[in-house]
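S.K.: What follows is the file upload.csv, containing CSV, C-alpha atoms:
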chain,number,residue,atom,x,y,z
A,1,MET,CA,-14.0,15.3,12.7
A,2,GLY,CA,-16.8,16.3,10.4
A,3,LEU,CA,-18.5,19.6,10.1
A,4,VAL,CA,-17.6,21.8,13.1
A,5,LEU,CA,-19.9,24.8,12.8
A,6,ARG,CA,-23.0,25.6,10.9
A,7,VAL,CA,-24.3,29.2,10.7
A,8,ALA,CA,-28.0,29.7,9.9
A,9,ILE,CA,-28.1,33.5,9.6
A,10,ASP,CA,-31.9,33.6,9.3
A,11,ARG,CA,-32.2,32.2,12.8
A,12,CYS,CA,-30.1,34.8,14.5
A,13,ASN,CA,-32.0,37.0,17.0
A,14,GLY,CA,-29.1,39.3,17.7
A,15,CYS,CA,-28.7,38.4,21.4
A,16,GLY,CA,-24.9,38.7,21.3
A,17,ASN,CA,-24.2,35.6,23.4
A,18,CYS,CA,-21.8,34.4,20.7
A,19,GLU,CA,-19.6,37.5,20.9
A,20,LEU,CA,-19.4,37.3,24.7
A,21,ALA,CA,-18.7,33.5,24.6
A,22,CYS,CA,-16.0,34.1,22.0
A,23,ALA,CA,-14.3,36.9,23.9
A,24,PHE,CA,-14.5,34.9,27.1
A,25,ALA,CA,-13.0,31.7,25.5
A,26,HIS,CA,-10.0,33.6,24.2
A,27,PRO,CA,-7.3,35.0,26.4
A,28,ARG,CA,-8.2,38.7,25.9
A,29,GLY,CA,-11.0,38.8,28.4
A,30,THR,CA,-14.7,39.5,28.1
A,31,ALA,CA,-15.2,42.6,26.0
A,32,PRO,CA,-17.2,41.7,22.9
A,33,GLY,CA,-15.0,44.0,20.9
A,34,HIS,CA,-12.3,41.3,21.2
A,35,SER,CA,-14.6,38.7,19.8
A,36,ARG,CA,-13.7,36.9,16.6
A,37,ILE,CA,-17.3,36.5,15.7
A,38,ARG,CA,-19.2,39.8,15.1
A,39,LEU,CA,-22.9,40.5,14.8
A,40,GLU,CA,-23.4,42.9,11.8
A,41,ASN,CA,-26.5,44.8,10.8
A,42,ARG,CA,-28.2,44.6,14.2
A,43,ARG,CA,-31.8,45.7,13.8
A,44,LEU,CA,-34.8,45.8,16.0
A,45,ALA,CA,-37.7,46.1,13.5
A,46,PRO,CA,-39.7,44.3,12.3
A,47,ALA,CA,-38.0,41.8,14.7
A,48,ARG,CA,-34.7,41.7,16.5
A,49,ARG,CA,-32.2,40.4,14.1
A,50,ALA,CA,-28.5,40.4,13.2
A,51,THR,CA,-26.1,38.7,10.9
A,52,PRO,CA,-23.3,36.7,12.5
A,53,VAL,CA,-20.1,37.0,10.6
A,54,LEU,CA,-17.0,34.9,11.3
A,55,CYS,CA,-14.0,33.4,9.5
A,56,LEU,CA,-15.0,31.1,6.7
A,57,GLN,CA,-11.8,29.1,7.0
A,58,CYS,CA,-11.2,29.5,3.2
A,59,ASP,CA,-9.6,26.6,1.2
A,60,ASP,CA,-7.2,29.0,-0.6
A,61,ALA,CA,-6.9,31.6,2.2
A,62,ALA,CA,-5.6,35.0,1.5
A,63,CYS,CA,-4.3,35.3,5.1
A,64,VAL,CA,-2.1,32.2,4.7
A,65,ALA,CA,-0.9,33.3,1.3
A,66,VAL,CA,0.1,36.8,2.4
A,67,CYS,CA,1.7,36.0,5.8
A,68,PRO,CA,5.5,36.2,5.5
A,69,ALA,CA,6.0,34.3,8.8
A,70,HIS,CA,3.7,31.3,8.2
A,71,ALA,CA,1.7,32.2,11.4
A,72,PRO,CA,-1.7,31.0,10.1
A,73,ALA,CA,-1.8,27.3,9.4
A,74,ARG,CA,-4.6,24.8,8.8
A,75,ASN,CA,-5.4,22.4,11.7
A,76,ASP,CA,-6.3,19.3,9.8
A,77,THR,CA,-8.4,17.9,12.6
A,78,THR,CA,-10.8,20.8,12.9
A,79,GLY,CA,-10.3,22.3,9.4
A,80,ALA,CA,-9.7,25.7,11.0
A,81,ILE,CA,-6.9,28.0,10.0
A,82,GLU,CA,-5.3,28.8,13.4
A,83,LEU,CA,-3.1,31.8,13.9
A,84,ASP,CA,0.0,30.9,15.9
A,85,ALA,CA,0.5,34.1,17.8
A,86,SER,CA,4.1,33.2,18.8
A,87,ARG,CA,5.1,33.1,15.1
A,88,CYS,CA,3.3,36.3,14.2
A,89,ILE,CA,5.6,39.3,13.5
A,90,ARG,CA,2.6,41.6,13.6
A,91,CYS,CA,2.9,43.2,10.1
A,92,ARG,CA,-1.0,43.1,9.9
A,93,SER,CA,-0.9,42.1,6.2
A,94,CYS,CA,-3.5,39.4,6.9
A,95,VAL,CA,-5.9,42.0,8.3
A,96,GLY,CA,-5.8,43.9,5.0
A,97,ALA,CA,-5.7,40.8,2.8
A,98,CYS,CA,-8.8,39.0,4.1
A,99,PRO,CA,-11.4,39.6,1.5
A,100,PHE,CA,-14.2,39.4,4.1
A,101,GLY,CA,-12.7,41.4,7.0
A,102,ASN,CA,-12.8,38.4,9.3
A,103,LEU,CA,-9.3,39.2,10.7
A,104,SER,CA,-9.2,42.2,12.9
A,105,TRP,CA,-6.4,44.0,14.7
A,106,ASP,CA,-6.4,44.3,18.5
A,107,ASP,CA,-4.6,47.5,19.1
A,108,GLU,CA,-4.1,46.9,22.8
A,109,ALA,CA,-2.8,43.4,22.7
A,110,HIS,CA,-1.0,44.0,19.3
A,111,ALA,CA,-2.4,40.9,17.9
A,112,ALA,CA,-4.5,39.8,15.0
A,113,LEU,CA,-7.8,38.2,16.1
A,114,LYS,CA,-9.0,35.2,14.1
A,115,CYS,CA,-11.5,32.5,14.6
A,116,ASP,CA,-9.9,29.2,15.5
A,117,LEU,CA,-13.2,27.3,15.9
A,118,CYS,CA,-12.1,26.9,19.6
A,119,HIS,CA,-10.0,23.9,18.5
A,120,GLY,CA,-13.1,22.0,17.4
A,121,ASP,CA,-15.5,23.0,20.2
A,122,PRO,CA,-16.8,26.4,19.1
A,123,GLN,CA,-18.1,28.2,22.2
A,124,CYS,CA,-20.3,30.6,20.2
A,125,ALA,CA,-22.3,27.6,19.1
A,126,ARG,CA,-22.5,26.3,22.7
A,127,PHE,CA,-24.1,29.5,23.9
A,128,CYS,CA,-26.3,30.3,20.9
A,129,PRO,CA,-29.9,29.9,22.1
A,130,THR,CA,-31.6,29.8,18.7
A,131,GLY,CA,-29.4,27.4,16.7
A,132,ALA,CA,-28.2,30.1,14.4
A,133,LEU,CA,-24.7,28.8,15.3
A,134,ALA,CA,-24.7,25.1,15.8
A,135,ARG,CA,-22.4,22.1,15.9
A,136,PRO,CA,-24.1,19.5,13.7
A,137,ALA,CA,-24.3,16.1,15.4
K,1,MET,CA,13.4,12.2,17.3
K,2,PRO,CA,16.4,13.2,19.3
K,3,THR,CA,16.3,12.3,23.0
K,4,LEU,CA,18.5,14.3,25.3
K,5,ARG,CA,18.9,15.2,29.0
K,6,ILE,CA,18.3,18.7,30.1
K,7,ASP,CA,18.9,19.6,33.8
K,8,GLY,CA,18.6,15.9,34.6
K,9,ARG,CA,15.3,15.5,32.7
K,10,THR,CA,14.9,13.4,29.6
K,11,VAL,CA,13.1,15.1,26.7
K,12,LYS,CA,12.2,14.1,23.2
K,13,VAL,CA,12.1,16.9,20.7
K,14,ALA,CA,11.2,17.1,17.0
K,15,GLU,CA,13.8,16.6,14.4
K,16,GLY,CA,15.6,19.9,13.6
K,17,ALA,CA,14.8,21.5,17.0
K,18,ASN,CA,17.4,23.5,18.8
K,19,LEU,CA,18.5,23.4,22.4
K,20,LEU,CA,16.4,26.4,23.3
K,21,GLU,CA,13.2,24.7,22.2
K,22,ALA,CA,14.3,21.5,23.9
K,23,ALA,CA,15.1,23.4,27.2
K,24,ARG,CA,11.8,25.1,27.2
K,25,ALA,CA,10.1,21.8,26.5
K,26,ALA,CA,11.8,20.4,29.5
K,27,GLY,CA,10.5,23.3,31.6
K,28,ALA,CA,13.9,25.0,32.1
K,29,HIS,CA,13.9,28.8,32.2
K,30,VAL,CA,16.4,30.1,29.7
K,31,PRO,CA,16.3,33.9,29.3
K,32,THR,CA,16.5,35.4,25.8
K,33,LEU,CA,16.2,38.8,24.2
K,34,CYS,CA,16.8,38.1,20.5
K,35,HIS,CA,14.7,35.0,20.0
K,36,HIS,CA,11.5,34.9,18.0
K,37,PRO,CA,9.9,31.6,16.9
K,38,ALA,CA,9.2,32.9,13.4
K,39,LEU,CA,12.7,34.3,12.8
K,40,GLU,CA,16.0,32.8,12.0
K,41,PRO,CA,18.0,32.4,15.3
K,42,SER,CA,21.0,34.7,15.5
K,43,GLY,CA,22.7,34.0,18.8
K,44,GLY,CA,23.0,37.8,19.2
K,45,CYS,CA,22.0,38.5,22.8
K,46,ARG,CA,24.2,35.6,24.3
K,47,LEU,CA,21.7,35.2,27.1
K,48,CYS,CA,20.7,31.6,26.3
K,49,LEU,CA,24.1,30.2,27.0
K,50,VAL,CA,24.1,26.6,28.2
K,51,ASP,CA,26.6,23.9,29.0
K,52,VAL,CA,26.6,21.0,26.7
K,53,THR,CA,28.3,17.6,27.0
K,54,ARG,CA,27.6,14.1,25.8
K,55,GLU,CA,26.9,10.9,27.6
K,56,GLY,CA,30.3,9.0,28.0
K,57,TRP,CA,32.4,12.1,27.3
K,58,SER,CA,34.8,12.8,30.2
K,59,GLY,CA,36.2,16.1,29.0
K,60,PRO,CA,34.9,19.5,30.0
K,61,PRO,CA,31.5,20.7,28.8
K,62,LYS,CA,31.2,23.3,26.0
K,63,MET,CA,29.3,26.5,26.5
K,64,VAL,CA,27.0,27.3,23.5
K,65,THR,CA,24.1,29.5,22.6
K,66,ALA,CA,21.0,27.2,23.0
K,67,CYS,CA,19.1,29.0,20.2
K,68,LEU,CA,21.8,28.0,17.6
K,69,TYR,CA,22.8,24.6,18.8
K,70,PRO,CA,20.9,21.6,17.2
K,71,ALA,CA,19.3,19.2,19.6
K,72,GLU,CA,21.0,15.8,19.1
K,73,ASP,CA,20.6,12.3,20.6
K,74,GLY,CA,22.5,11.8,23.8
K,75,LEU,CA,23.3,15.4,24.6
K,76,VAL,CA,23.5,16.4,28.3
K,77,VAL,CA,22.6,20.0,28.8
K,78,GLN,CA,22.9,22.2,31.9
K,79,THR,CA,21.0,25.4,31.7
K,80,ALA,CA,22.0,26.8,35.1
K,81,SER,CA,25.4,25.4,36.0
K,82,PRO,CA,27.6,27.8,38.1
K,83,ARG,CA,29.7,28.5,35.0
K,84,VAL,CA,26.6,29.3,32.9
K,85,VAL,CA,25.1,31.5,35.6
K,86,ALA,CA,28.3,33.5,36.1
K,87,THR,CA,28.8,34.0,32.3
K,88,ARG,CA,25.2,35.0,31.8
K,89,ARG,CA,25.6,37.5,34.7
K,90,VAL,CA,28.5,39.1,32.8
K,91,VAL,CA,26.3,39.4,29.7
K,92,VAL,CA,23.5,41.1,31.6
K,93,ASP,CA,26.0,43.3,33.4
K,94,LEU,CA,27.3,44.5,29.9
K,95,LEU,CA,23.8,45.0,28.7
K,96,LEU,CA,23.1,47.1,31.7
K,97,ALA,CA,26.1,49.2,31.0
K,98,ARG,CA,24.8,49.8,27.5
K,99,CYS,CA,21.2,50.3,28.3
K,100,PRO,CA,21.0,51.4,32.0
K,101,GLU,CA,17.5,52.9,31.7
K,102,THR,CA,15.8,50.2,29.7
K,103,PRO,CA,13.1,48.5,31.8
K,104,ILE,CA,13.5,45.0,30.3
K,105,VAL,CA,17.3,45.2,30.9
K,106,GLN,CA,16.8,46.5,34.4
K,107,GLU,CA,14.4,43.5,35.0
K,108,LEU,CA,17.0,41.1,33.7
K,109,ALA,CA,19.6,42.6,35.9
K,110,ARG,CA,17.3,42.3,38.9
K,111,GLN,CA,16.7,38.7,38.1
K,112,HIS,CA,20.5,38.1,38.0
K,113,GLY,CA,21.1,40.0,41.2
K,114,ILE,CA,22.8,43.0,39.7
K,115,GLU,CA,22.0,46.3,41.3
K,116,ALA,CA,24.4,48.5,39.2
K,117,THR,CA,26.6,47.7,36.3
K,118,SER,CA,30.3,47.1,37.1
K,119,TYR,CA,31.4,48.6,33.8
K,120,ASP,CA,31.5,52.2,32.5
K,121,VAL,CA,28.0,53.3,31.7
K,122,ASN,CA,27.2,54.2,28.1
K,123,PRO,CA,27.2,58.0,27.9
K,124,GLU,CA,24.8,58.0,24.9
K,125,ARG,CA,21.4,56.9,26.2
K,126,THR,CA,19.9,54.2,24.0
K,127,ASP,CA,17.2,51.5,24.3
K,128,CYS,CA,18.7,49.4,21.5
K,129,VAL,CA,20.1,46.1,22.8
K,130,LEU,CA,21.4,45.2,19.2
K,131,CYS,CA,19.4,42.0,19.3
K,132,GLY,CA,18.7,42.2,15.6
K,133,LEU,CA,15.1,41.2,15.8
K,134,CYS,CA,14.1,44.2,13.8
K,135,THR,CA,16.5,43.4,10.9
K,136,ARG,CA,15.4,39.7,10.9
K,137,ALA,CA,11.7,40.6,10.9
K,138,CYS,CA,12.5,42.9,8.0
K,139,ASP,CA,14.3,40.1,6.2
K,140,GLN,CA,11.4,37.8,6.9
K,141,MET,CA,9.1,40.3,5.2
K,142,GLY,CA,11.5,40.0,2.2
K,143,VAL,CA,12.2,43.7,2.4
K,144,SER,CA,15.6,44.0,4.2
K,145,ALA,CA,15.3,47.8,4.5
K,146,ILE,CA,17.4,48.0,7.6
K,147,ALA,CA,20.6,46.3,8.8
K,148,SER,CA,23.2,46.3,11.5
K,149,VAL,CA,26.0,48.8,10.6
K,150,SER,CA,29.6,49.2,11.9
K,151,ARG,CA,31.2,46.9,14.4
K,152,GLY,CA,32.2,46.9,18.1
K,153,ALA,CA,31.1,49.9,20.2
K,154,GLY,CA,29.9,51.8,17.2
K,155,ARG,CA,27.5,49.1,16.0
K,156,SER,CA,24.0,50.2,15.4
K,157,ILE,CA,20.8,49.4,13.5
K,158,ALA,CA,20.1,51.8,10.6
K,159,PRO,CA,18.8,52.1,7.1
K,160,PRO,CA,21.5,52.3,4.3
K,161,PHE,CA,23.7,55.4,4.7
K,162,ASP,CA,21.4,56.7,7.4
K,163,GLN,CA,19.0,57.9,4.7
K,164,PRO,CA,15.3,57.2,4.6
K,165,PRO,CA,15.2,53.6,3.4
K,166,PRO,CA,14.0,53.2,-0.2
K,167,ASP,CA,13.0,49.6,0.3
K,168,CYS,CA,11.0,50.1,3.5
K,169,ILE,CA,7.2,49.5,3.3
K,170,GLY,CA,6.3,50.9,6.7
K,171,CYS,CA,4.8,47.7,8.0
K,172,LEU,CA,6.1,48.3,11.5
K,173,ALA,CA,7.1,44.6,12.0
K,174,CYS,CA,10.5,46.0,13.2
K,175,ALA,CA,8.8,48.2,15.8
K,176,GLU,CA,6.4,45.4,16.8
K,177,VAL,CA,9.1,42.8,17.5
K,178,CYS,CA,11.5,45.2,19.2
K,179,PRO,CA,11.8,44.0,22.8
K,180,THR,CA,12.6,47.5,24.2
K,181,GLY,CA,10.4,49.8,22.0
K,182,HIS,CA,13.4,51.5,20.5
K,183,VAL,CA,12.1,51.8,17.0
K,184,SER,CA,10.2,55.1,17.0
K,185,VAL,CA,7.0,55.5,14.9
K,186,ALA,CA,4.8,58.5,14.4
K,187,GLU,CA,1.4,58.2,12.9
K,188,SER,CA,-1.3,60.7,11.9
K,189,LEU,CA,-4.6,60.0,10.3
K,190,THR,CA,-3.1,60.0,6.9
K,191,ASP,CA,0.6,59.3,7.3
K,192,ARG,CA,3.0,57.1,9.2
K,193,SER,CA,6.8,57.7,9.6
K,194,VAL,CA,9.4,55.3,10.6
K,195,TRP,CA,13.2,55.2,10.0
K,196,GLY,CA,13.0,58.8,8.8
K,197,ARG,CA,10.7,58.0,6.0
K,198,SER,CA,7.1,59.1,5.7
K,199,PHE,CA,4.4,56.8,4.2
K,200,GLU,CA,0.9,57.6,3.0
K,201,LEU,CA,-1.6,55.3,4.6
K,202,GLN,CA,-4.2,53.3,2.7
K,203,ARG,CA,-7.6,54.6,3.9
K,204,CYS,CA,-10.8,52.7,3.8
K,205,ARG,CA,-12.9,53.7,0.8
K,206,GLU,CA,-16.1,53.8,2.9
K,207,CYS,CA,-15.1,54.9,6.4
K,208,GLY,CA,-11.7,56.4,5.9
K,209,ARG,CA,-10.0,54.3,8.6
K,210,ALA,CA,-6.3,53.6,7.9
K,211,GLN,CA,-4.5,50.4,8.7
K,212,LEU,CA,-1.7,49.8,6.3
K,213,THR,CA,0.6,51.9,4.2
K,214,LYS,CA,0.1,52.1,0.5
K,215,ALA,CA,3.6,50.7,0.1
K,216,GLN,CA,2.7,47.7,2.2
K,217,VAL,CA,-0.4,47.1,0.0
K,218,ALA,CA,1.8,47.2,-3.1
K,219,TRP,CA,4.1,44.7,-1.3
K,220,ALA,CA,1.1,42.4,-0.6
K,221,VAL,CA,-0.2,42.7,-4.2
K,222,ALA,CA,3.3,41.7,-5.5
K,223,ARG,CA,3.0,38.6,-3.3
K,224,GLY,CA,-0.2,37.7,-5.0
K,225,ALA,CA,-2.9,39.4,-2.9
K,226,SER,CA,-5.7,41.2,-4.5
K,227,ALA,CA,-5.5,45.0,-4.4
K,228,ARG,CA,-9.3,45.2,-4.1
K,229,ASP,CA,-9.3,43.5,-0.7
K,230,PHE,CA,-7.2,46.3,0.7
K,231,GLU,CA,-9.6,49.1,-0.4
K,232,LEU,CA,-11.9,48.6,2.7
K,233,CYS,CA,-11.1,48.2,6.4
K,234,ASP,CA,-12.0,45.0,8.1
K,235,GLU,CA,-15.2,46.5,9.6
K,236,CYS,CA,-16.5,47.6,6.3
K,237,LYS,CA,-15.6,44.3,4.7
K,238,ARG,CA,-17.5,42.5,7.4
K,239,ARG,CA,-20.5,44.7,6.9
K,240,ASN,CA,-20.4,43.9,3.1
K,241,LEU,CA,-20.1,40.2,3.8
K,242,ALA,CA,-23.1,40.4,6.1
K,243,ARG,CA,-25.1,42.1,3.4
K,244,THR,CA,-24.1,39.4,0.9
K,245,LEU,CA,-25.1,36.7,3.3
K,246,GLU,CA,-28.4,38.3,4.0
K,247,GLU,CA,-29.1,38.4,0.2
K,248,VAL,CA,-28.2,34.8,-0.2
K,249,GLY,CA,-29.9,33.7,3.1
K,250,GLY,CA,-29.9,30.2,4.4
K,251,THR,CA,-27.0,28.3,6.0
K,252,VAL,CA,-23.2,28.8,5.7
K,253,ALA,CA,-20.7,26.1,6.7
K,254,ALA,CA,-17.8,27.7,8.4
K,255,GLY,CA,-15.0,25.2,8.9
K,256,GLU,CA,-15.3,21.8,7.4
K,257,ALA,CA,-12.6,19.4,8.3
K,258,LEU,CA,-10.5,18.1,5.4
K,259,PRO,CA,-11.1,14.5,4.6
K,260,ALA,CA,-8.6,12.3,6.4
Represent the structure from my file as structure tokens, please.

M.R.:
Amino acid sequence: MGLVLRVAIDRCNGCGNCELACAFAHPRGTAPGHSRIRLENRRLAPARRATPVLCLQCDDAACVAVCPAHAPARNDTTGAIELDASRCIRCRSCVGACPFGNLSWDDEAHAALKCDLCHGDPQCARFCPTGALARPA
Amino acid sequence: MPTLRIDGRTVKVAEGANLLEAARAAGAHVPTLCHHPALEPSGGCRLCLVDVTREGWSGPPKMVTACLYPAEDGLVVQTASPRVVATRRVVVDLLLARCPETPIVQELARQHGIEATSYDVNPERTDCVLCGLCTRACDQMGVSAIASVSRGAGRSIAPPFDQPPPDCIGCLACAEVCPTGHVSVAESLTDRSVWGRSFELQRCRECGRAQLTKAQVAWAVARGASARDFELCDECKRRNLARTLEEVGGTVAAGEALPA
């Protein structure tokens, strides 16, 4: 599998489909607050815009290095670092250690939320109408 | 890859797997209280008892804890033989005598057809089932601030000498893995207390939100993390990342598969 997801931030029109698709694709339901991708700096003028921010799947990832339970691990097929929730002891060190804030803590489910690129078929890209998030052919 | 029979079903499991993993792979329901995939198995709760024998062996089966027994080629396992069910029922009955008001124990009792314990009820109300998940989670953190103390009826989980534990970092892994919610935690906007010790929280430099204790940040830094990354909360860090991306502009590749 080659490149899985490409983010063209200057194409984003801030519609929020990606957040909904992400929340819906993961087991915590439909609230965009449970999304692993977040639209930051939403603005309306001069045009509707936002900046999609999601896990960069770092090569030398801080979350992997800090986790004492080896819960985040690279999936070599998709290149994503996937968080194995059954191995997580919920110390939240990864949430603090991520330099980009792309791991967040779900206070209700007591789980860290992290992008897993939907195991190679990112739903955010599927529902992005502008091509800001796209799966290259 | 060891191949074994579980409740009449043949399953293949990974090298080094234990009988509990094999039983669950075979679709058998084996109850547990003290099992966690990330932690060392301890065989503490005795709920995962199963009968084990081997093909060609004519003697009686042996009852073992599935979580500690390695899966081997040719094993024949019964997860719900009459003997196993009866023994497991005694274990649940004893747990119910110790923790009569704990919901998860009551649910186990209900599943095993026990309405009231047949033993003397523990006069001191507790939710601790002594599964040891908290101490093993603490060990996994490399902190080992709490341990099981004393033996027999007086056994309990406590910090050394029942004093506020000096090694604790306040990460709450113990409270999070506890199946009964016995580990009590109090948290304000600035402080968190657990095991009788109070911790100052690390607050976001920009918005003031607190997530981890300062002691846990020091622990993470000692493991090689960068102290700077802990100064902001995840929301503020994301906002900063967005700002940087806007300055750079263009296209970011998120997730490139490694070359095969």

S.K.: Measuring atom to atom with all atoms listed in the file, identify which of A:Ala125, A:Leu133, A:Ala97, A:Ala45 is nearest to chain K.

M.R.: A:Ala97

S.K.: Write down, as a PyMOL selection string, each residue of chain A that has any atom within 7 Å of an atom of chain K, counting all atoms listed in the file.

M.R.: chain A and resi 1-10+40+51+53+55-57+62+66+68-69+76-80+86-91+95-104

S.K.: Atoms to include: C-alpha atoms. Write the selected residues as a PDB file, in the frame of the given file.

M.R.:
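Contents of part_28.pdb, freshly written:
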ATOM      1  CA  MET A   1     -14.000  15.300  12.700  1.00  0.00           C
ATOM      2  CA  GLY A   2     -16.800  16.300  10.400  1.00  0.00           C
ATOM      3  CA  LEU A   3     -18.500  19.600  10.100  1.00  0.00           C
ATOM      4  CA  VAL A   4     -17.600  21.800  13.100  1.00  0.00           C
ATOM      5  CA  LEU A   5     -19.900  24.800  12.800  1.00  0.00           C
ATOM      6  CA  ARG A   6     -23.000  25.600  10.900  1.00  0.00           C
ATOM      7  CA  VAL A   7     -24.300  29.200  10.700  1.00  0.00           C
ATOM      8  CA  ALA A   8     -28.000  29.700   9.900  1.00  0.00           C
ATOM      9  CA  ILE A   9     -28.100  33.500   9.600  1.00  0.00           C
ATOM     10  CA  ASP A  10     -31.900  33.600   9.300  1.00  0.00           C
ATOM     11  CA  GLU A  40     -23.400  42.900  11.800  1.00  0.00           C
ATOM     12  CA  THR A  51     -26.100  38.700  10.900  1.00  0.00           C
ATOM     13  CA  VAL A  53     -20.100  37.000  10.600  1.00  0.00           C
ATOM     14  CA  CYS A  55     -14.000  33.400   9.500  1.00  0.00           C
ATOM     15  CA  LEU A  56     -15.000  31.100   6.700  1.00  0.00           C
ATOM     16  CA  GLN A  57     -11.800  29.100   7.000  1.00  0.00           C
ATOM     17  CA  ALA A  62      -5.600  35.000   1.500  1.00  0.00           C
ATOM     18  CA  VAL A  66       0.100  36.800   2.400  1.00  0.00           C
ATOM     19  CA  PRO A  68       5.500  36.200   5.500  1.00  0.00           C
ATOM     20  CA  ALA A  69       6.000  34.300   8.800  1.00  0.00           C
ATOM     21  CA  ASP A  76      -6.300  19.300   9.800  1.00  0.00           C
ATOM     22  CA  THR A  77      -8.400  17.900  12.600  1.00  0.00           C
ATOM     23  CA  THR A  78     -10.800  20.800  12.900  1.00  0.00           C
ATOM     24  CA  GLY A  79     -10.300  22.300   9.400  1.00  0.00           C
ATOM     25  CA  ALA A  80      -9.700  25.700  11.000  1.00  0.00           C
ATOM     26  CA  SER A  86       4.100  33.200  18.800  1.00  0.00           C
ATOM     27  CA  ARG A  87       5.100  33.100  15.100  1.00  0.00           C
ATOM     28  CA  CYS A  88       3.300  36.300  14.200  1.00  0.00           C
ATOM     29  CA  ILE A  89       5.600  39.300  13.500  1.00  0.00           C
ATOM     30  CA  ARG A  90       2.600  41.600  13.600  1.00  0.00           C
ATOM     31  CA  CYS A  91       2.900  43.200  10.100  1.00  0.00           C
ATOM     32  CA  VAL A  95      -5.900  42.000   8.300  1.00  0.00           C
ATOM     33  CA  GLY A  96      -5.800  43.900   5.000  1.00  0.00           C
ATOM     34  CA  ALA A  97      -5.700  40.800   2.800  1.00  0.00           C
ATOM     35  CA  CYS A  98      -8.800  39.000   4.100  1.00  0.00           C
ATOM     36  CA  PRO A  99     -11.400  39.600   1.500  1.00  0.00           C
ATOM     37  CA  PHE A 100     -14.200  39.400   4.100  1.00  0.00           C
ATOM     38  CA  GLY A 101     -12.700  41.400   7.000  1.00  0.00           C
ATOM     39  CA  ASN A 102     -12.800  38.400   9.300  1.00  0.00           C
ATOM     40  CA  LEU A 103      -9.300  39.200  10.700  1.00  0.00           C
ATOM     41  CA  SER A 104      -9.200  42.200  12.900  1.00  0.00           C
TER      42      SER A 104
END

S.K.: May I ask for the distance between atom CA of A:Ile37 and atom CA of A:Leu54, given in Å to one decimal place?

M.R.: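 That distance, rounded to one decimal, is 4.7 Å.
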
S.K.: Can you list, as an MDAnalysis selection string, every protein, DNA or RNA residue that comes within 7 Å of stretch 182-194 of chain K when you count all atoms listed in the file, leaving out same-chain residues fewer than 4 positions away?

M.R.: chainID K and resid 127:128 170 175 178 198:201

S.K.: Taking (25.9, 15.6, 25.2) as a centre in this file's frame and 10 Å as the limit, can you find every polymer residue with an atom that close, using only C-alpha atoms, and give them as an MDAnalysis selection string?

M.R.: chainID K and resid 4:6 51:57 61:62 71:78

S.K.: Using all atoms listed in the file, which residues sit within 6 Å of A:Leu83 once same-chain residues fewer than 2 positions away are excluded, as a compact mmCIF listing (two decimals) with C-alpha atoms, in the frame of the given file?

M.R.:
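What follows is the written file selection.txt:
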# COMPACT_ATOMS: atom_id res chain seq x y z
CA ALA A 71 1.70 32.20 11.40
CA PRO A 72 -1.70 31.00 10.10
CA ALA A 85 0.50 34.10 17.80

S.K.: In Å, with one decimal, what is the gap from atom CA of K:Glu40 to atom CA of K:Cys67?

M.R.: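 Result for atom CA of K:Glu40 versus atom CA of K:Cys67: 9.6 Å, one decimal.
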
S.K.: Which residue gives the smallest distance to A:Gly14 among A:Ala132, A:Cys58, A:Cys63, A:Ala137, with only C-alpha atoms counted?

M.R.: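 Among the listed residues, A:Ala132 lies closest to A:Gly14.
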
S.K.: For K:Ile114, work out the shell of residues within 8 Å, counting only C-alpha atoms and skipping chain neighbours fewer than 5 positions away, then give it as a ChimeraX atom specification.

M.R.: /K:89,93,109

S.K.: Find the distance between atom CA of K:Pro82 and atom CA of K:Ala116 and write it in Å to one decimal.

M.R.: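 So the answer is 21.0 Å.
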